[in-house]
$ cat model28.cif   # mmCIF, C-alpha atoms
data_query
loop_
_atom_site.group_PDB
_atom_site.id
_atom_site.type_symbol
_atom_site.label_atom_id
_atom_site.label_comp_id
_atom_site.auth_asym_id
_atom_site.auth_seq_id
_atom_site.Cartn_x
_atom_site.Cartn_y
_atom_site.Cartn_z
ATOM 1 C CA MET M 1 -8.837 13.970 -12.818
ATOM 2 C CA ASN M 2 -5.911 14.017 -10.437
ATOM 3 C CA ILE M 3 -5.959 11.130 -8.022
ATOM 4 C CA GLY M 4 -2.675 12.061 -6.349
ATOM 5 C CA LEU M 5 -0.908 8.729 -6.606
ATOM 6 C CA GLU M 6 2.192 9.959 -8.471
ATOM 7 C CA ASN M 7 4.593 9.970 -5.532
ATOM 8 C CA ILE M 8 3.494 6.757 -3.909
ATOM 9 C CA ASN M 9 6.559 4.519 -3.786
ATOM 10 C CA LYS M 10 5.863 0.953 -4.885
ATOM 11 C CA ALA M 11 8.666 -0.244 -2.626
ATOM 12 C CA PHE M 12 6.567 0.631 0.412
ATOM 13 C CA GLU M 13 3.175 -0.545 -0.834
ATOM 14 C CA SER M 14 2.760 -3.586 1.334
ATOM 15 C CA LYS M 15 1.655 -3.577 4.925
ATOM 16 C CA ALA M 16 4.828 -5.492 5.862
ATOM 17 C CA ARG M 17 7.089 -2.891 4.259
ATOM 18 C CA LEU M 18 5.169 -0.021 5.852
ATOM 19 C CA GLY M 19 5.642 -1.780 9.143
ATOM 20 C CA ILE M 20 9.352 -2.499 8.722
ATOM 21 C CA MET M 21 10.094 1.071 7.719
ATOM 22 C CA SER M 22 8.024 2.644 10.460
ATOM 23 C CA VAL M 23 9.734 0.535 13.116
ATOM 24 C CA LEU M 24 13.185 1.398 11.737
ATOM 25 C CA MET M 25 12.381 5.109 11.471
ATOM 26 C CA VAL M 26 12.081 5.330 15.243
ATOM 27 C CA ASN M 27 14.654 2.763 16.397
ATOM 28 C CA ASP M 28 18.361 3.015 15.562
ATOM 29 C CA GLU M 29 18.739 -0.731 15.228
ATOM 30 C CA VAL M 30 16.233 -3.560 15.437
ATOM 31 C CA ASP M 31 17.096 -7.250 15.361
ATOM 32 C CA PHE M 32 15.433 -9.880 13.201
ATOM 33 C CA SER M 33 13.403 -11.592 15.891
ATOM 34 C CA THR M 34 12.138 -8.344 17.411
ATOM 35 C CA LEU M 35 11.042 -7.053 14.012
ATOM 36 C CA LYS M 36 9.444 -10.389 13.217
ATOM 37 C CA SER M 37 7.398 -10.468 16.390
ATOM 38 C CA LEU M 38 6.433 -6.778 16.210
ATOM 39 C CA LEU M 39 5.062 -7.266 12.715
ATOM 40 C CA GLY M 40 3.728 -10.797 13.051
ATOM 41 C CA LEU M 41 5.633 -12.010 9.984
ATOM 42 C CA THR M 42 7.163 -15.398 9.220
ATOM 43 C CA ASP M 43 10.952 -15.748 8.898
ATOM 44 C CA GLY M 44 10.739 -16.164 5.136
ATOM 45 C CA ASN M 45 8.399 -13.262 4.659
ATOM 46 C CA LEU M 46 10.473 -10.857 6.735
ATOM 47 C CA ALA M 47 13.708 -12.046 5.091
ATOM 48 C CA SER M 48 12.350 -11.412 1.628
ATOM 49 C CA HIS M 49 11.081 -7.914 2.456
ATOM 50 C CA VAL M 50 14.292 -6.792 4.171
ATOM 51 C CA LYS M 51 16.385 -8.187 1.316
ATOM 52 C CA ASN M 52 14.423 -6.147 -1.176
ATOM 53 C CA LEU M 53 14.566 -2.969 0.931
ATOM 54 C CA GLU M 54 18.315 -3.461 1.309
ATOM 55 C CA GLU M 55 18.775 -3.871 -2.437
ATOM 56 C CA LEU M 56 17.028 -0.557 -2.903
ATOM 57 C CA GLY M 57 19.472 1.048 -0.466
ATOM 58 C CA TYR M 58 16.731 1.863 2.034
ATOM 59 C CA ILE M 59 17.967 -0.248 4.936
ATOM 60 C CA LEU M 60 21.229 -1.788 6.141
ATOM 61 C CA THR M 61 21.699 -5.303 7.473
ATOM 62 C CA LYS M 62 24.300 -6.017 10.144
ATOM 63 C CA LYS M 63 25.282 -9.591 10.960
ATOM 64 C CA GLN M 64 27.255 -10.185 14.136
ATOM 65 C CA PHE M 65 27.710 -12.579 17.013
ATOM 66 C CA ILE M 66 26.340 -11.763 20.428
ATOM 67 C CA GLY M 67 28.319 -14.171 22.599
ATOM 68 C CA ARG M 68 28.105 -17.324 20.510
ATOM 69 C CA LYS M 69 24.757 -16.551 18.954
ATOM 70 C CA PRO M 70 24.501 -15.075 15.462
ATOM 71 C CA ASN M 71 22.419 -11.924 15.400
ATOM 72 C CA THR M 72 21.047 -9.991 12.439
ATOM 73 C CA SER M 73 19.871 -6.431 12.868
ATOM 74 C CA PHE M 74 18.592 -3.702 10.616
ATOM 75 C CA SER M 75 18.739 0.070 10.429
ATOM 76 C CA VAL M 76 17.338 2.638 8.022
ATOM 77 C CA THR M 77 19.685 4.571 5.705
ATOM 78 C CA GLU M 78 19.452 8.293 4.974
ATOM 79 C CA LYS M 79 18.163 7.389 1.534
ATOM 80 C CA GLY M 80 15.527 5.146 3.073
ATOM 81 C CA ARG M 81 14.470 7.794 5.544
ATOM 82 C CA ALA M 82 14.049 10.379 2.792
ATOM 83 C CA ALA M 83 12.181 7.968 0.509
ATOM 84 C CA PHE M 84 9.852 6.817 3.271
ATOM 85 C CA ASN M 85 9.059 10.375 4.329
ATOM 86 C CA GLU M 86 8.238 11.192 0.728
ATOM 87 C CA HIS M 87 5.969 8.147 0.585
ATOM 88 C CA LEU M 88 4.181 9.184 3.799
ATOM 89 C CA ASN M 89 3.633 12.648 2.355
ATOM 90 C CA ALA M 90 2.274 11.109 -0.845
ATOM 91 C CA LEU M 91 -0.121 8.903 1.138
ATOM 92 C CA GLU M 92 -1.234 11.918 3.112
ATOM 93 C CA ALA M 93 -1.882 13.912 -0.068
ATOM 94 C CA PHE M 94 -3.774 10.969 -1.557
ATOM 95 C CA LEU M 95 -5.952 10.634 1.549
ATOM 96 C CA LYS M 96 -6.703 14.334 1.628
ATOM 97 C CA ASN M 97 -7.605 14.277 -2.029
ATOM 98 C CA THR M 98 -9.786 11.186 -1.727
ATOM 99 C CA LYS M 99 -11.600 12.362 1.376
ATOM 100 C CA ASN M 100 -12.308 15.752 -0.187
ATOM 101 C CA ASN M 101 -13.853 14.048 -3.187
ATOM 102 C CA ASN M 102 -16.162 11.848 -1.128
ATOM 103 C CA MET B 1 4.787 -0.919 20.345
ATOM 104 C CA ASN B 2 1.627 -0.237 18.378
ATOM 105 C CA ILE B 3 2.332 0.593 14.765
ATOM 106 C CA GLY B 4 -1.330 0.915 13.800
ATOM 107 C CA LEU B 5 -1.358 -1.407 10.800
ATOM 108 C CA GLU B 6 -4.108 -3.755 12.027
ATOM 109 C CA ASN B 7 -6.928 -2.421 9.865
ATOM 110 C CA ILE B 8 -4.984 -1.942 6.677
ATOM 111 C CA ASN B 9 -6.705 -4.074 4.050
ATOM 112 C CA LYS B 10 -4.277 -6.089 1.929
ATOM 113 C CA ALA B 11 -6.761 -5.979 -0.947
ATOM 114 C CA PHE B 12 -6.069 -2.261 -1.349
ATOM 115 C CA GLU B 13 -2.315 -2.273 -0.788
ATOM 116 C CA SER B 14 -1.164 -1.563 -4.298
ATOM 117 C CA LYS B 15 -1.109 1.811 -5.938
ATOM 118 C CA ALA B 16 -3.253 0.430 -8.776
ATOM 119 C CA ARG B 17 -5.959 -0.803 -6.357
ATOM 120 C CA LEU B 18 -5.936 2.474 -4.431
ATOM 121 C CA GLY B 19 -6.386 4.221 -7.759
ATOM 122 C CA ILE B 20 -9.188 1.977 -9.018
ATOM 123 C CA MET B 21 -11.128 2.293 -5.789
ATOM 124 C CA SER B 22 -10.699 6.031 -5.467
ATOM 125 C CA VAL B 23 -11.922 6.576 -9.026
ATOM 126 C CA LEU B 24 -14.959 4.332 -8.455
ATOM 127 C CA MET B 25 -15.796 5.966 -5.122
ATOM 128 C CA VAL B 26 -16.576 9.227 -6.893
ATOM 129 C CA ASN B 27 -17.973 7.995 -10.219
ATOM 130 C CA ASP B 28 -21.076 5.818 -10.497
ATOM 131 C CA GLU B 29 -19.696 3.870 -13.429
ATOM 132 C CA VAL B 30 -16.353 3.985 -15.197
ATOM 133 C CA ASP B 31 -15.490 2.060 -18.354
ATOM 134 C CA PHE B 32 -12.372 -0.010 -18.882
ATOM 135 C CA SER B 33 -10.535 2.342 -21.207
ATOM 136 C CA THR B 34 -11.229 5.427 -19.089
ATOM 137 C CA LEU B 35 -9.992 3.678 -15.950
ATOM 138 C CA LYS B 36 -6.961 2.379 -17.819
ATOM 139 C CA SER B 37 -5.938 5.796 -19.071
ATOM 140 C CA LEU B 38 -6.670 7.553 -15.756
ATOM 141 C CA LEU B 39 -4.401 5.132 -13.943
ATOM 142 C CA GLY B 40 -1.802 4.535 -16.645
ATOM 143 C CA LEU B 41 -2.162 0.763 -16.446
ATOM 144 C CA THR B 42 -1.841 -1.890 -19.130
ATOM 145 C CA ASP B 43 -4.892 -3.920 -20.197
ATOM 146 C CA GLY B 44 -3.583 -7.033 -18.456
ATOM 147 C CA ASN B 45 -2.707 -5.242 -15.279
ATOM 148 C CA LEU B 46 -6.055 -3.497 -14.966
ATOM 149 C CA ALA B 47 -7.942 -6.690 -15.862
ATOM 150 C CA SER B 48 -6.172 -8.638 -13.136
ATOM 151 C CA HIS B 49 -6.781 -6.018 -10.441
ATOM 152 C CA VAL B 50 -10.481 -5.565 -11.255
ATOM 153 C CA LYS B 51 -11.005 -9.329 -11.388
ATOM 154 C CA ASN B 52 -9.570 -9.663 -7.906
ATOM 155 C CA LEU B 53 -11.581 -6.757 -6.509
ATOM 156 C CA GLU B 54 -14.715 -8.249 -8.058
ATOM 157 C CA GLU B 55 -14.019 -11.651 -6.492
ATOM 158 C CA LEU B 56 -13.814 -9.925 -3.123
ATOM 159 C CA GLY B 57 -17.223 -8.370 -3.755
ATOM 160 C CA TYR B 58 -15.827 -4.846 -3.752
ATOM 161 C CA ILE B 59 -16.704 -3.895 -7.311
ATOM 162 C CA LEU B 60 -19.162 -4.953 -10.005
ATOM 163 C CA THR B 61 -18.366 -5.497 -13.678
ATOM 164 C CA LYS B 62 -20.961 -4.742 -16.337
ATOM 165 C CA LYS B 63 -20.483 -5.944 -19.909
ATOM 166 C CA GLN B 64 -22.728 -4.492 -22.571
ATOM 167 C CA PHE B 65 -22.801 -3.312 -26.173
ATOM 168 C CA ILE B 66 -22.806 0.370 -26.987
ATOM 169 C CA GLY B 67 -23.985 0.320 -30.580
ATOM 170 C CA ARG B 68 -21.959 -2.562 -31.960
ATOM 171 C CA LYS B 69 -19.009 -2.067 -29.651
ATOM 172 C CA PRO B 70 -18.565 -4.186 -26.544
ATOM 173 C CA ASN B 71 -18.095 -2.089 -23.443
ATOM 174 C CA THR B 72 -16.997 -3.097 -19.965
ATOM 175 C CA SER B 73 -17.635 -0.818 -17.034
ATOM 176 C CA PHE B 74 -17.147 -0.977 -13.290
ATOM 177 C CA SER B 75 -18.852 0.332 -10.197
ATOM 178 C CA VAL B 76 -18.166 0.041 -6.499
ATOM 179 C CA THR B 77 -20.455 -2.059 -4.269
ATOM 180 C CA GLU B 78 -21.679 -1.037 -0.826
ATOM 181 C CA LYS B 79 -19.319 -3.630 0.624
ATOM 182 C CA GLY B 80 -16.445 -2.151 -1.361
ATOM 183 C CA ARG B 81 -17.291 1.367 -0.289
ATOM 184 C CA ALA B 82 -17.360 0.372 3.371
ATOM 185 C CA ALA B 83 -14.127 -1.635 3.122
ATOM 186 C CA PHE B 84 -12.301 1.131 1.296
ATOM 187 C CA ASN B 85 -13.418 3.761 3.793
ATOM 188 C CA GLU B 86 -12.171 1.546 6.582
ATOM 189 C CA HIS B 87 -8.844 1.180 4.767
ATOM 190 C CA LEU B 88 -8.547 4.956 4.332
ATOM 191 C CA ASN B 89 -9.210 5.428 8.031
ATOM 192 C CA ALA B 90 -6.568 2.825 8.840
ATOM 193 C CA LEU B 91 -4.031 4.563 6.599
ATOM 194 C CA GLU B 92 -4.861 7.850 8.245
ATOM 195 C CA ALA B 93 -4.371 6.379 11.710
ATOM 196 C CA PHE B 94 -1.086 4.795 10.610
ATOM 197 C CA LEU B 95 0.173 8.108 9.218
ATOM 198 C CA LYS B 96 -0.799 9.995 12.338
ATOM 199 C CA ASN B 97 0.911 7.409 14.496
ATOM 200 C CA THR B 98 4.065 7.340 12.375
ATOM 201 C CA LYS B 99 4.374 11.104 12.112
ATOM 202 C CA ASN B 100 3.893 11.527 15.858
ATOM 203 C CA ASN B 101 6.699 9.085 16.495
ATOM 204 C CA ASN B 102 9.156 10.837 14.186
#
$ encode --input "model28.cif" --output "structure tokens"
Amino acid sequence: MNIGLENINKAFESKARLGIMSVLMVNDEVDFSTLKSLLGLTDGNLASHVKNLEELGYILTKKQFIGRKPNTSFSVTEKGRAAFNEHLNALEAFLKNTKNNN
Amino acid sequence: MNIGLENINKAFESKARLGIMSVLMVNDEVDFSTLKSLLGLTDGNLASHVKNLEELGYILTKKQFIGRKPNTSFSVTEKGRAAFNEHLNALEAFLKNTKNNN
């Protein structure tokens, strides 16, 4: 029995990670507070997910000052883009497989 | 910006849970060792996921003896079937949305 889960990437399993990646796929750069409010996450929750995605090389963090205010923003890397696309394809294959079996 | 994640069910986020549910959706009853080998999980890992899904009312556990050997098997409940279908629809909507934006 093939259930088609082989290429699902554990890094993107959670709803928060799916959300972060899908926002970054379509926006060159998104700052912390925008991402937080788009996804309805707490500071700590978002910080922990982006840290992990950065460690995997999937996103980049940029810290800068805008005027006198510190600002943190994120962008997706080429590696992240490729990995996320692969994950989306795997989810699609899984869904197709599961729906055909039902 | 609507990223279409609202109806994704956190109970089914992990690859293991997706696997357990999709196996049970198409088989009336599946025993522990079959499920374990189909999904490539450890005893502890599978036990913890099924316990959680049972607590949510999504699956049922049956313990019985086959001859002298204890046997544990699982089946999906109506509630579980409905929730999983809703999750699959949510994933599908998310994928459609994400792919259209790319």
$ residues_around --input "model28.cif" --residues "stretch 65-70 of chain B" --least-positions-apart "3" --cutoff "12 Å" --atoms "only C-alpha atoms" --output "list in words"
Asp31, Phe32, Ser33, Lys62 and Ser73 of chain B
$ interface_residues --input "model28.cif" --of "chain B" --to "chain M" --cutoff "9 Å" --atoms "all atoms listed in the file" --output "PyMOL selection string"
chain B and resi 1-5+8-10+13-16+18-19+22-23+25-26+38-39+88-89+91-92+95+98-99+101-102
$ residues_around --input "model28.cif" --residues "B:Leu24" --least-positions-apart "6" --cutoff "8 Å" --atoms "all atoms listed in the file" --output "number ranges by chain"
B: 30, 74-76
$ atom_distance --input "model28.cif" --atom1 "atom CA of B:Gly57" --atom2 "atom CA of M:Thr42"
28.5 Å
$ atom_distance --input "model28.cif" --atom1 "atom CA of B:Leu53" --atom2 "atom CA of M:Asn100"
23.4 Å
$ closest_residue --input "model28.cif" --among "M:Thr34, M:Phe84, M:Lys79, M:Ala93" --to "M:Leu46" --atoms "only C-alpha atoms"
M:Thr34
$ atom_distance --input "model28.cif" --atom1 "atom CA of B:Ile59" --atom2 "atom CA of B:Asn71"
16.3 Å
$ build_atoms --input "model28.cif" --residues "stretch 69-93 of chain B" --atoms "N, CA and C atoms" --output "PDB file, in the coordinates of the input"
ATOM      1  N   LYS B  69     -20.285  -1.874 -30.363  1.00  0.00           N
ATOM      2  CA  LYS B  69     -19.009  -2.067 -29.651  1.00  0.00           C
ATOM      3  C   LYS B  69     -19.206  -2.617 -28.243  1.00  0.00           C
ATOM      4  N   PRO B  70     -18.484  -3.669 -27.910  1.00  0.00           N
ATOM      5  CA  PRO B  70     -18.565  -4.186 -26.544  1.00  0.00           C
ATOM      6  C   PRO B  70     -17.955  -3.178 -25.582  1.00  0.00           C
ATOM      7  N   ASN B  71     -18.563  -3.071 -24.420  1.00  0.00           N
ATOM      8  CA  ASN B  71     -18.095  -2.089 -23.443  1.00  0.00           C
ATOM      9  C   ASN B  71     -18.148  -2.714 -22.048  1.00  0.00           C
ATOM     10  N   THR B  72     -17.053  -2.567 -21.325  1.00  0.00           N
ATOM     11  CA  THR B  72     -16.997  -3.097 -19.965  1.00  0.00           C
ATOM     12  C   THR B  72     -16.867  -1.934 -18.997  1.00  0.00           C
ATOM     13  N   SER B  73     -17.754  -1.902 -18.011  1.00  0.00           N
ATOM     14  CA  SER B  73     -17.635  -0.818 -17.034  1.00  0.00           C
ATOM     15  C   SER B  73     -17.722  -1.356 -15.607  1.00  0.00           C
ATOM     16  N   PHE B  74     -17.279  -0.546 -14.682  1.00  0.00           N
ATOM     17  CA  PHE B  74     -17.147  -0.977 -13.290  1.00  0.00           C
ATOM     18  C   PHE B  74     -17.828   0.004 -12.348  1.00  0.00           C
ATOM     19  N   SER B  75     -18.316  -0.524 -11.263  1.00  0.00           N
ATOM     20  CA  SER B  75     -18.852   0.332 -10.197  1.00  0.00           C
ATOM     21  C   SER B  75     -18.491  -0.286  -8.851  1.00  0.00           C
ATOM     22  N   VAL B  76     -18.509   0.534  -7.828  1.00  0.00           N
ATOM     23  CA  VAL B  76     -18.166   0.041  -6.499  1.00  0.00           C
ATOM     24  C   VAL B  76     -19.434  -0.489  -5.815  1.00  0.00           C
ATOM     25  N   THR B  77     -19.312  -1.536  -5.029  1.00  0.00           N
ATOM     26  CA  THR B  77     -20.455  -2.059  -4.269  1.00  0.00           C
ATOM     27  C   THR B  77     -20.505  -1.378  -2.894  1.00  0.00           C
ATOM     28  N   GLU B  78     -21.591  -1.587  -2.196  1.00  0.00           N
ATOM     29  CA  GLU B  78     -21.679  -1.037  -0.826  1.00  0.00           C
ATOM     30  C   GLU B  78     -20.584  -1.649   0.057  1.00  0.00           C
ATOM     31  N   LYS B  79     -20.373  -2.942  -0.133  1.00  0.00           N
ATOM     32  CA  LYS B  79     -19.319  -3.630   0.624  1.00  0.00           C
ATOM     33  C   LYS B  79     -17.947  -3.021   0.325  1.00  0.00           C
ATOM     34  N   GLY B  80     -17.718  -2.738  -0.950  1.00  0.00           N
ATOM     35  CA  GLY B  80     -16.445  -2.151  -1.361  1.00  0.00           C
ATOM     36  C   GLY B  80     -16.256  -0.758  -0.791  1.00  0.00           C
ATOM     37  N   ARG B  81     -17.337  -0.005  -0.822  1.00  0.00           N
ATOM     38  CA  ARG B  81     -17.291   1.367  -0.289  1.00  0.00           C
ATOM     39  C   ARG B  81     -16.945   1.347   1.210  1.00  0.00           C
ATOM     40  N   ALA B  82     -17.613   0.469   1.928  1.00  0.00           N
ATOM     41  CA  ALA B  82     -17.360   0.372   3.371  1.00  0.00           C
ATOM     42  C   ALA B  82     -15.924  -0.085   3.648  1.00  0.00           C
ATOM     43  N   ALA B  83     -15.480  -1.103   2.905  1.00  0.00           N
ATOM     44  CA  ALA B  83     -14.127  -1.635   3.122  1.00  0.00           C
ATOM     45  C   ALA B  83     -13.065  -0.597   2.774  1.00  0.00           C
ATOM     46  N   PHE B  84     -13.298   0.137   1.703  1.00  0.00           N
ATOM     47  CA  PHE B  84     -12.301   1.131   1.296  1.00  0.00           C
ATOM     48  C   PHE B  84     -12.250   2.287   2.304  1.00  0.00           C
ATOM     49  N   ASN B  85     -13.413   2.705   2.768  1.00  0.00           N
ATOM     50  CA  ASN B  85     -13.418   3.761   3.793  1.00  0.00           C
ATOM     51  C   ASN B  85     -12.672   3.324   5.054  1.00  0.00           C
ATOM     52  N   GLU B  86     -12.872   2.077   5.417  1.00  0.00           N
ATOM     53  CA  GLU B  86     -12.171   1.546   6.582  1.00  0.00           C
ATOM     54  C   GLU B  86     -10.650   1.551   6.340  1.00  0.00           C
ATOM     55  N   HIS B  87     -10.264   1.183   5.130  1.00  0.00           N
ATOM     56  CA  HIS B  87      -8.844   1.180   4.767  1.00  0.00           C
ATOM     57  C   HIS B  87      -8.269   2.606   4.818  1.00  0.00           C
ATOM     58  N   LEU B  88      -9.018   3.564   4.305  1.00  0.00           N
ATOM     59  CA  LEU B  88      -8.547   4.956   4.332  1.00  0.00           C
ATOM     60  C   LEU B  88      -8.379   5.432   5.773  1.00  0.00           C
ATOM     61  N   ASN B  89      -9.323   5.061   6.614  1.00  0.00           N
ATOM     62  CA  ASN B  89      -9.210   5.428   8.031  1.00  0.00           C
ATOM     63  C   ASN B  89      -7.993   4.778   8.675  1.00  0.00           C
ATOM     64  N   ALA B  90      -7.725   3.527   8.291  1.00  0.00           N
ATOM     65  CA  ALA B  90      -6.568   2.825   8.840  1.00  0.00           C
ATOM     66  C   ALA B  90      -5.270   3.486   8.381  1.00  0.00           C
ATOM     67  N   LEU B  91      -5.227   3.873   7.116  1.00  0.00           N
ATOM     68  CA  LEU B  91      -4.031   4.563   6.599  1.00  0.00           C
ATOM     69  C   LEU B  91      -3.828   5.884   7.341  1.00  0.00           C
ATOM     70  N   GLU B  92      -4.921   6.569   7.555  1.00  0.00           N
ATOM     71  CA  GLU B  92      -4.861   7.850   8.245  1.00  0.00           C
ATOM     72  C   GLU B  92      -4.327   7.674   9.670  1.00  0.00           C
ATOM     73  N   ALA B  93      -4.831   6.655  10.340  1.00  0.00           N
ATOM     74  CA  ALA B  93      -4.371   6.379  11.710  1.00  0.00           C
ATOM     75  C   ALA B  93      -2.892   6.004  11.708  1.00  0.00           C
TER      76      ALA B  93
END
